[in-house]
Amino acid sequence: MAEGAVVVLRNIIPLGDGDRVSMTPALWATVFVAAVIGYRIMLLLRPGRWREWKKFPRGPPGRPLVGNWDVFFSGSPRQKLMELAKQYGNGDIVGLRMGFRPVVCVCSSMLAKELLHTHDKIFANRPRYDFCQTLFYGYDSAVIFSRYSSHLIRLRKLFTLQLFTPKRLSDLQFIRQEEMRKVISALHRTQTPRLAHKVEKIVSDMACNITVRLLQSRAFEQDKCSELNDLVRKLEHSSIPVLGDFIPWMKWLYFSKRARERRIHKEFEDVIDKMILDRHQLLRRCPPEEVPTDFLQVLLSKEGDENPDELLTIEEIKAVILDIFAGGLHTSSATVEWAMSELMSNPRVMEKLRAEIDNVKGLEDKSTLVTDEDVGRMPYLEKVIREVFRLHPVVPLLVPRLSTQEVEIAGGEYSLPQGTIAYVNAWALGREERTWGPRVSEFWPERFQEQCLDVKGQHFELLPFGSGRRMCPGMRLGLAIVHFTVANFVRFFEWQLPHGRSITELSESVGRGNSPSTSLHAIPIPRRE
Ligand code: HEM
């Protein structure tokens, strides 16, 4: 190889007199890069590959080597991708390239259904990114970024059939109620002087307390939840792919990112280890019937399970706990923040919702909380929350999928090669005029009187929790927290903006998450003492 390279170089580069070529490190690097690029181009141009790419959805030309990397790191990828789909794919789809990998983003309900329903099995995998190995517990232990396997199916069943069953969530409703009471009392205490509160922080701390109590039956000591929330934010910021995930020889550039990820992982592991250690000590002290049958106990009972199909290693148990923190905390709090922002900018909707809540709870009853049972009797609240999810899905591009074989979609118009990374733009689905009519950007819950669409993954026009084999397994808990929190915030407080502030136009923060660009600060004025 080296001899050949020298001969080739001799013909291309004037090397001067003499027979000896001194291969400096720079020259070696050039030869190496040229060889890798040449090899990849050969692969792409193989006859089979060419056939696959001929029907690949159209998109903007990519830059050499990095492809369309800039699209995903532009201010608002969800919006950019929607515009590109309109420009190149009839509003349905856009085809891109990241490094050497084919990527598509689907922006219409018709194609979302094809990917997540018709070809769900083919798209049930996740792309393999290096941060899964360092931040999470690898590509095979946990849920969110894991490969689709029998192990993953088992873990997902654990979520839906054992941890988040309707019965368990209903039996444990008292935890949400106690935490909500604490929040209401704390907000009442801050009335003189009247202070503005950061709504997202109140809710994310409350969601953390609820989640921790669901897991281990007791709350963390003070401030620990704020620390955990900060840690989850760091985890979210680091859970992004880098060029090295698409161009393998660039991996070494990211050694400092990997080191930062390992530090974040270690901090999480310390929190989880402490929870497990405390439980082991409790098990040693107390008779088994006195140990709570909470999520942690359900998970730890799998460690020594005699049935090999149920058995989990301690690493896998920790990975599931990390998934619960990573998937559950900020999604619920960001949704509540959007709901409160929309209600405050739409006083008509706020008043109509409050009238419904007062009507269900009665005006005499001044102190009891809105419960899950009450929520079931509030159709307008349901419409308000659906409208929030339509306009502001907090995971706007869902979590990417990876195809395991070549597949044709849109009646054979497009062909996606094996190994295509597929995004579904839930944000764009909520703005499809074909579904929602011309008033797509208006916050108008009444639209759901005519549109019988819900958010549970069966209607591909509205997918805040995804759909199919990889749909969010924490949806029941997420929905319970969002409905319950919004209803009680509206019941107990009038919400005002601090003096001189206004919500003129709600805009999203840049990047791939989705929360308001300016955090909502609001003053809660008690409606009942
Ligand atoms: C409002 C609240 C929530 C929203 C909007 C939300 C949204 C999502 C979305 C869009 C996905 C990707 C689905 C797909 O690829 O099709 C997802 C996956 C996931 N969510 Fe949620 N989520 C919420 C709450 C929760 C909660 C409370 C938990 C757990 C405690 C949770 C745990 C997970 C997990 C483990 C996954 C990965 C599933 C898989 O890859 O198989 N989520 N979520």
# chains A, B, ... in the order shown; residues from 1 in each chain; ligands from 1
call {"tool": "residues_around", "arguments": {"residues": "region 391-399 of chain A", "least_positions_apart": "6", "cutoff": "8 Å", "atoms": "only C-alpha atoms", "output": "ChimeraX atom specification"}}
result
/A:78,126,331,334-335,338,423-427,430-431,441,443,463-466,512-515
call {"tool": "write_last_selection", "arguments": {"atoms": "C-alpha atoms", "output": "short mmCIF file (atom, residue, chain, number, x, y, z; two decimals), in the first residue's frame"}}
result
data_model
loop_
_atom_site.label_atom_id
_atom_site.label_comp_id
_atom_site.auth_asym_id
_atom_site.auth_seq_id
_atom_site.Cartn_x
_atom_site.Cartn_y
_atom_site.Cartn_z
CA ARG A 78 -37.63 21.49 12.68
CA ARG A 126 -32.11 3.66 16.67
CA THR A 331 -40.76 16.64 28.71
CA ALA A 334 -41.71 21.98 29.16
CA THR A 335 -45.23 20.99 28.07
CA TRP A 338 -46.03 25.95 26.93
CA TYR A 423 -36.65 11.64 11.51
CA VAL A 424 -40.38 12.32 11.84
CA ASN A 425 -41.07 16.02 12.19
CA ALA A 426 -43.92 16.08 14.75
CA TRP A 427 -43.71 19.88 14.81
CA GLY A 430 -49.06 19.92 13.67
CA ARG A 431 -48.75 22.63 11.00
CA SER A 441 -50.59 28.78 13.79
CA PHE A 443 -53.99 28.53 19.41
CA LEU A 463 -47.61 12.56 17.37
CA PRO A 464 -46.10 14.26 20.45
CA PHE A 465 -45.32 10.80 21.93
CA GLY A 466 -44.35 9.13 18.64
CA ARG A 512 -33.47 20.43 18.73
CA GLY A 513 -35.42 20.49 21.98
CA ASN A 514 -38.50 22.64 22.20
CA SER A 515 -39.20 25.10 24.97
#
call {"tool": "closest_atom_pairs", "arguments": {"of": "chain A", "to": "ligand 1", "cutoff": "7 Å", "atoms": "only C-alpha atoms and all ligand atoms", "output": "JSON lines"}}
result
{"residue": "A:Val143", "atom": "CA", "partner": "ligand 1", "partner_atom_place_in_ligand_line": "40 (O)", "distance": 5.1}
{"residue": "A:Ile144", "atom": "CA", "partner": "ligand 1", "partner_atom_place_in_ligand_line": "37 (C)", "distance": 3.6}
{"residue": "A:Phe145", "atom": "CA", "partner": "ligand 1", "partner_atom_place_in_ligand_line": "40 (O)", "distance": 5.8}
{"residue": "A:Ser146", "atom": "CA", "partner": "ligand 1", "partner_atom_place_in_ligand_line": "40 (O)", "distance": 6.7}
{"residue": "A:Arg156", "atom": "CA", "partner": "ligand 1", "partner_atom_place_in_ligand_line": "41 (O)", "distance": 6.6}
{"residue": "A:Asp323", "atom": "CA", "partner": "ligand 1", "partner_atom_place_in_ligand_line": "35 (C)", "distance": 5.1}
{"residue": "A:Ile324", "atom": "CA", "partner": "ligand 1", "partner_atom_place_in_ligand_line": "30 (C)", "distance": 4.0}
{"residue": "A:Phe325", "atom": "CA", "partner": "ligand 1", "partner_atom_place_in_ligand_line": "30 (C)", "distance": 6.4}
{"residue": "A:Gly327", "atom": "CA", "partner": "ligand 1", "partner_atom_place_in_ligand_line": "32 (C)", "distance": 3.9}
{"residue": "A:Gly328", "atom": "CA", "partner": "ligand 1", "partner_atom_place_in_ligand_line": "26 (C)", "distance": 3.4}
{"residue": "A:Leu329", "atom": "CA", "partner": "ligand 1", "partner_atom_place_in_ligand_line": "27 (C)", "distance": 6.5}
{"residue": "A:Thr331", "atom": "CA", "partner": "ligand 1", "partner_atom_place_in_ligand_line": "2 (C)", "distance": 4.4}
{"residue": "A:Ser332", "atom": "CA", "partner": "ligand 1", "partner_atom_place_in_ligand_line": "1 (C)", "distance": 3.9}
{"residue": "A:Thr335", "atom": "CA", "partner": "ligand 1", "partner_atom_place_in_ligand_line": "1 (C)", "distance": 5.9}
{"residue": "A:Pro393", "atom": "CA", "partner": "ligand 1", "partner_atom_place_in_ligand_line": "5 (C)", "distance": 6.3}
{"residue": "A:Val394", "atom": "CA", "partner": "ligand 1", "partner_atom_place_in_ligand_line": "5 (C)", "distance": 5.5}
{"residue": "A:Val395", "atom": "CA", "partner": "ligand 1", "partner_atom_place_in_ligand_line": "10 (C)", "distance": 5.0}
{"residue": "A:Leu398", "atom": "CA", "partner": "ligand 1", "partner_atom_place_in_ligand_line": "10 (C)", "distance": 4.3}
{"residue": "A:Val399", "atom": "CA", "partner": "ligand 1", "partner_atom_place_in_ligand_line": "15 (O)", "distance": 4.3}
{"residue": "A:Pro400", "atom": "CA", "partner": "ligand 1", "partner_atom_place_in_ligand_line": "15 (O)", "distance": 6.3}
{"residue": "A:Arg401", "atom": "CA", "partner": "ligand 1", "partner_atom_place_in_ligand_line": "15 (O)", "distance": 6.9}
{"residue": "A:Pro464", "atom": "CA", "partner": "ligand 1", "partner_atom_place_in_ligand_line": "5 (C)", "distance": 5.2}
{"residue": "A:Phe465", "atom": "CA", "partner": "ligand 1", "partner_atom_place_in_ligand_line": "10 (C)", "distance": 3.9}
{"residue": "A:Gly466", "atom": "CA", "partner": "ligand 1", "partner_atom_place_in_ligand_line": "16 (O)", "distance": 3.4}
{"residue": "A:Ser467", "atom": "CA", "partner": "ligand 1", "partner_atom_place_in_ligand_line": "16 (O)", "distance": 4.8}
{"residue": "A:Gly468", "atom": "CA", "partner": "ligand 1", "partner_atom_place_in_ligand_line": "16 (O)", "distance": 6.6}
{"residue": "A:Arg469", "atom": "CA", "partner": "ligand 1", "partner_atom_place_in_ligand_line": "41 (O)", "distance": 6.7}
{"residue": "A:Arg470", "atom": "CA", "partner": "ligand 1", "partner_atom_place_in_ligand_line": "41 (O)", "distance": 3.8}
{"residue": "A:Met471", "atom": "CA", "partner": "ligand 1", "partner_atom_place_in_ligand_line": "16 (O)", "distance": 4.0}
{"residue": "A:Cys472", "atom": "CA", "partner": "ligand 1", "partner_atom_place_in_ligand_line": "18 (C)", "distance": 3.7}
{"residue": "A:Pro473", "atom": "CA", "partner": "ligand 1", "partner_atom_place_in_ligand_line": "33 (C)", "distance": 5.4}
{"residue": "A:Gly474", "atom": "CA", "partner": "ligand 1", "partner_atom_place_in_ligand_line": "28 (C)", "distance": 3.6}
{"residue": "A:Met475", "atom": "CA", "partner": "ligand 1", "partner_atom_place_in_ligand_line": "24 (C)", "distance": 5.2}
{"residue": "A:Leu477", "atom": "CA", "partner": "ligand 1", "partner_atom_place_in_ligand_line": "27 (C)", "distance": 5.0}
{"residue": "A:Gly478", "atom": "CA", "partner": "ligand 1", "partner_atom_place_in_ligand_line": "2 (C)", "distance": 4.0}
{"residue": "A:Leu479", "atom": "CA", "partner": "ligand 1", "partner_atom_place_in_ligand_line": "1 (C)", "distance": 5.9}
{"residue": "A:Val482", "atom": "CA", "partner": "ligand 1", "partner_atom_place_in_ligand_line": "1 (C)", "distance": 6.6}
call {"tool": "closest_residue", "arguments": {"among": "A:Ile37, A:Ile525, A:Ala339, A:Val320", "to": "Leu65 (chain A)", "atoms": "only C-alpha atoms"}}
result
A:Ile37
call {"tool": "residues_around", "arguments": {"residues": "region 213-223 of chain A", "least_positions_apart": "3", "cutoff": "8 Å", "atoms": "only C-alpha atoms", "output": "list in words"}}
result
Leu172, Ile175, Asn209, Ile210, Ser226, Glu227, Met275, Pro292, Asp294, Phe295, Leu296 and Gln297 of chain A
call {"tool": "atom_distance", "arguments": {"atom1": "CA of Leu116 (chain A)", "atom2": "CA of Phe131 (chain A)"}}
result
24.7 Å
call {"tool": "decode", "arguments": {"residues": "region 126-164 of chain A", "atoms": "N, CA and C atoms", "output": "PDB file, in the first residue's frame"}}
result
ATOM      1  N   ARG A 126     -32.644   2.315  16.512  1.00  0.00           N
ATOM      2  CA  ARG A 126     -32.107   3.664  16.671  1.00  0.00           C
ATOM      3  C   ARG A 126     -30.702   3.703  16.066  1.00  0.00           C
ATOM      4  N   PRO A 127     -30.295   4.877  15.519  1.00  0.00           N
ATOM      5  CA  PRO A 127     -28.902   4.951  15.049  1.00  0.00           C
ATOM      6  C   PRO A 127     -27.939   4.776  16.228  1.00  0.00           C
ATOM      7  N   ARG A 128     -26.782   4.260  15.908  1.00  0.00           N
ATOM      8  CA  ARG A 128     -25.811   3.966  16.963  1.00  0.00           C
ATOM      9  C   ARG A 128     -24.868   5.157  17.136  1.00  0.00           C
ATOM     10  N   TYR A 129     -25.110   5.960  18.146  1.00  0.00           N
ATOM     11  CA  TYR A 129     -24.244   7.118  18.398  1.00  0.00           C
ATOM     12  C   TYR A 129     -23.322   6.833  19.583  1.00  0.00           C
ATOM     13  N   ASP A 130     -22.129   7.414  19.530  1.00  0.00           N
ATOM     14  CA  ASP A 130     -21.147   7.089  20.570  1.00  0.00           C
ATOM     15  C   ASP A 130     -21.554   7.556  21.969  1.00  0.00           C
ATOM     16  N   PHE A 131     -22.370   8.638  22.045  1.00  0.00           N
ATOM     17  CA  PHE A 131     -22.724   9.104  23.394  1.00  0.00           C
ATOM     18  C   PHE A 131     -23.571   8.073  24.148  1.00  0.00           C
ATOM     19  N   CYS A 132     -24.234   7.136  23.406  1.00  0.00           N
ATOM     20  CA  CYS A 132     -25.024   6.097  24.099  1.00  0.00           C
ATOM     21  C   CYS A 132     -24.096   5.263  24.982  1.00  0.00           C
ATOM     22  N   GLN A 133     -22.883   5.047  24.483  1.00  0.00           N
ATOM     23  CA  GLN A 133     -21.942   4.208  25.196  1.00  0.00           C
ATOM     24  C   GLN A 133     -21.434   4.898  26.463  1.00  0.00           C
ATOM     25  N   THR A 134     -21.164   6.195  26.370  1.00  0.00           N
ATOM     26  CA  THR A 134     -20.565   6.888  27.506  1.00  0.00           C
ATOM     27  C   THR A 134     -21.601   7.485  28.458  1.00  0.00           C
ATOM     28  N   LEU A 135     -22.644   8.103  27.896  1.00  0.00           N
ATOM     29  CA  LEU A 135     -23.623   8.786  28.765  1.00  0.00           C
ATOM     30  C   LEU A 135     -24.627   7.802  29.346  1.00  0.00           C
ATOM     31  N   PHE A 136     -25.126   6.926  28.480  1.00  0.00           N
ATOM     32  CA  PHE A 136     -26.115   5.947  28.923  1.00  0.00           C
ATOM     33  C   PHE A 136     -25.348   4.654  29.236  1.00  0.00           C
ATOM     34  N   TYR A 137     -26.028   3.533  29.199  1.00  0.00           N
ATOM     35  CA  TYR A 137     -25.288   2.304  29.556  1.00  0.00           C
ATOM     36  C   TYR A 137     -25.047   1.433  28.340  1.00  0.00           C
ATOM     37  N   GLY A 138     -24.808   2.062  27.194  1.00  0.00           N
ATOM     38  CA  GLY A 138     -24.510   1.268  26.010  1.00  0.00           C
ATOM     39  C   GLY A 138     -25.727   1.096  25.136  1.00  0.00           C
ATOM     40  N   TYR A 139     -25.475   0.467  24.014  1.00  0.00           N
ATOM     41  CA  TYR A 139     -26.482   0.371  22.956  1.00  0.00           C
ATOM     42  C   TYR A 139     -27.478  -0.758  23.237  1.00  0.00           C
ATOM     43  N   ASP A 140     -27.217  -1.555  24.309  1.00  0.00           N
ATOM     44  CA  ASP A 140     -28.052  -2.737  24.515  1.00  0.00           C
ATOM     45  C   ASP A 140     -28.683  -2.837  25.900  1.00  0.00           C
ATOM     46  N   SER A 141     -28.365  -1.867  26.785  1.00  0.00           N
ATOM     47  CA  SER A 141     -28.839  -2.035  28.161  1.00  0.00           C
ATOM     48  C   SER A 141     -30.177  -1.386  28.411  1.00  0.00           C
ATOM     49  N   ALA A 142     -30.320  -0.130  27.918  1.00  0.00           N
ATOM     50  CA  ALA A 142     -31.474   0.661  28.326  1.00  0.00           C
ATOM     51  C   ALA A 142     -32.520   0.706  27.226  1.00  0.00           C
ATOM     52  N   VAL A 143     -33.300   1.784  27.182  1.00  0.00           N
ATOM     53  CA  VAL A 143     -34.407   1.830  26.227  1.00  0.00           C
ATOM     54  C   VAL A 143     -34.199   2.902  25.153  1.00  0.00           C
ATOM     55  N   ILE A 144     -34.076   4.169  25.571  1.00  0.00           N
ATOM     56  CA  ILE A 144     -34.225   5.269  24.612  1.00  0.00           C
ATOM     57  C   ILE A 144     -33.362   5.100  23.358  1.00  0.00           C
ATOM     58  N   PHE A 145     -32.059   4.887  23.538  1.00  0.00           N
ATOM     59  CA  PHE A 145     -31.189   4.834  22.364  1.00  0.00           C
ATOM     60  C   PHE A 145     -30.778   3.401  22.015  1.00  0.00           C
ATOM     61  N   SER A 146     -31.560   2.420  22.493  1.00  0.00           N
ATOM     62  CA  SER A 146     -31.109   1.027  22.305  1.00  0.00           C
ATOM     63  C   SER A 146     -31.536   0.436  20.978  1.00  0.00           C
ATOM     64  N   ARG A 147     -30.818  -0.615  20.663  1.00  0.00           N
ATOM     65  CA  ARG A 147     -31.151  -1.416  19.489  1.00  0.00           C
ATOM     66  C   ARG A 147     -32.494  -2.096  19.712  1.00  0.00           C
ATOM     67  N   TYR A 148     -33.207  -2.398  18.645  1.00  0.00           N
ATOM     68  CA  TYR A 148     -34.471  -3.117  18.819  1.00  0.00           C
ATOM     69  C   TYR A 148     -34.156  -4.597  18.959  1.00  0.00           C
ATOM     70  N   SER A 149     -34.471  -5.176  20.108  1.00  0.00           N
ATOM     71  CA  SER A 149     -34.115  -6.573  20.361  1.00  0.00           C
ATOM     72  C   SER A 149     -35.146  -7.153  21.322  1.00  0.00           C
ATOM     73  N   SER A 150     -35.036  -8.463  21.584  1.00  0.00           N
ATOM     74  CA  SER A 150     -36.004  -9.073  22.511  1.00  0.00           C
ATOM     75  C   SER A 150     -35.825  -8.462  23.901  1.00  0.00           C
ATOM     76  N   HIS A 151     -34.585  -8.067  24.228  1.00  0.00           N
ATOM     77  CA  HIS A 151     -34.329  -7.434  25.530  1.00  0.00           C
ATOM     78  C   HIS A 151     -35.077  -6.106  25.642  1.00  0.00           C
ATOM     79  N   LEU A 152     -35.027  -5.322  24.561  1.00  0.00           N
ATOM     80  CA  LEU A 152     -35.726  -4.028  24.569  1.00  0.00           C
ATOM     81  C   LEU A 152     -37.239  -4.227  24.692  1.00  0.00           C
ATOM     82  N   ILE A 153     -37.749  -5.229  23.981  1.00  0.00           N
ATOM     83  CA  ILE A 153     -39.199  -5.490  24.052  1.00  0.00           C
ATOM     84  C   ILE A 153     -39.586  -5.786  25.509  1.00  0.00           C
ATOM     85  N   ARG A 154     -38.723  -6.579  26.180  1.00  0.00           N
ATOM     86  CA  ARG A 154     -38.970  -6.933  27.582  1.00  0.00           C
ATOM     87  C   ARG A 154     -38.978  -5.681  28.468  1.00  0.00           C
ATOM     88  N   LEU A 155     -37.990  -4.812  28.246  1.00  0.00           N
ATOM     89  CA  LEU A 155     -37.910  -3.596  29.069  1.00  0.00           C
ATOM     90  C   LEU A 155     -39.116  -2.699  28.834  1.00  0.00           C
ATOM     91  N   ARG A 156     -39.530  -2.600  27.579  1.00  0.00           N
ATOM     92  CA  ARG A 156     -40.684  -1.739  27.281  1.00  0.00           C
ATOM     93  C   ARG A 156     -41.944  -2.301  27.943  1.00  0.00           C
ATOM     94  N   LYS A 157     -42.043  -3.644  27.972  1.00  0.00           N
ATOM     95  CA  LYS A 157     -43.211  -4.251  28.634  1.00  0.00           C
ATOM     96  C   LYS A 157     -43.193  -3.925  30.130  1.00  0.00           C
ATOM     97  N   LEU A 158     -41.983  -3.910  30.680  1.00  0.00           N
ATOM     98  CA  LEU A 158     -41.844  -3.573  32.098  1.00  0.00           C
ATOM     99  C   LEU A 158     -42.436  -2.182  32.367  1.00  0.00           C
ATOM    100  N   PHE A 159     -42.126  -1.239  31.484  1.00  0.00           N
ATOM    101  CA  PHE A 159     -42.660   0.121  31.617  1.00  0.00           C
ATOM    102  C   PHE A 159     -44.184   0.110  31.544  1.00  0.00           C
ATOM    103  N   THR A 160     -44.704  -0.496  30.455  1.00  0.00           N
ATOM    104  CA  THR A 160     -46.140  -0.325  30.187  1.00  0.00           C
ATOM    105  C   THR A 160     -47.015  -1.291  31.001  1.00  0.00           C
ATOM    106  N   LEU A 161     -46.498  -2.505  31.315  1.00  0.00           N
ATOM    107  CA  LEU A 161     -47.361  -3.464  32.005  1.00  0.00           C
ATOM    108  C   LEU A 161     -47.123  -3.535  33.506  1.00  0.00           C
ATOM    109  N   GLN A 162     -45.987  -2.975  33.970  1.00  0.00           N
ATOM    110  CA  GLN A 162     -45.743  -3.064  35.413  1.00  0.00           C
ATOM    111  C   GLN A 162     -45.563  -1.694  36.083  1.00  0.00           C
ATOM    112  N   LEU A 163     -44.822  -0.793  35.442  1.00  0.00           N
ATOM    113  CA  LEU A 163     -44.552   0.478  36.126  1.00  0.00           C
ATOM    114  C   LEU A 163     -45.649   1.509  35.905  1.00  0.00           C
ATOM    115  N   PHE A 164     -46.047   1.705  34.652  1.00  0.00           N
ATOM    116  CA  PHE A 164     -47.000   2.785  34.359  1.00  0.00           C
ATOM    117  C   PHE A 164     -48.370   2.259  33.965  1.00  0.00           C
TER     118      PHE A 164
END
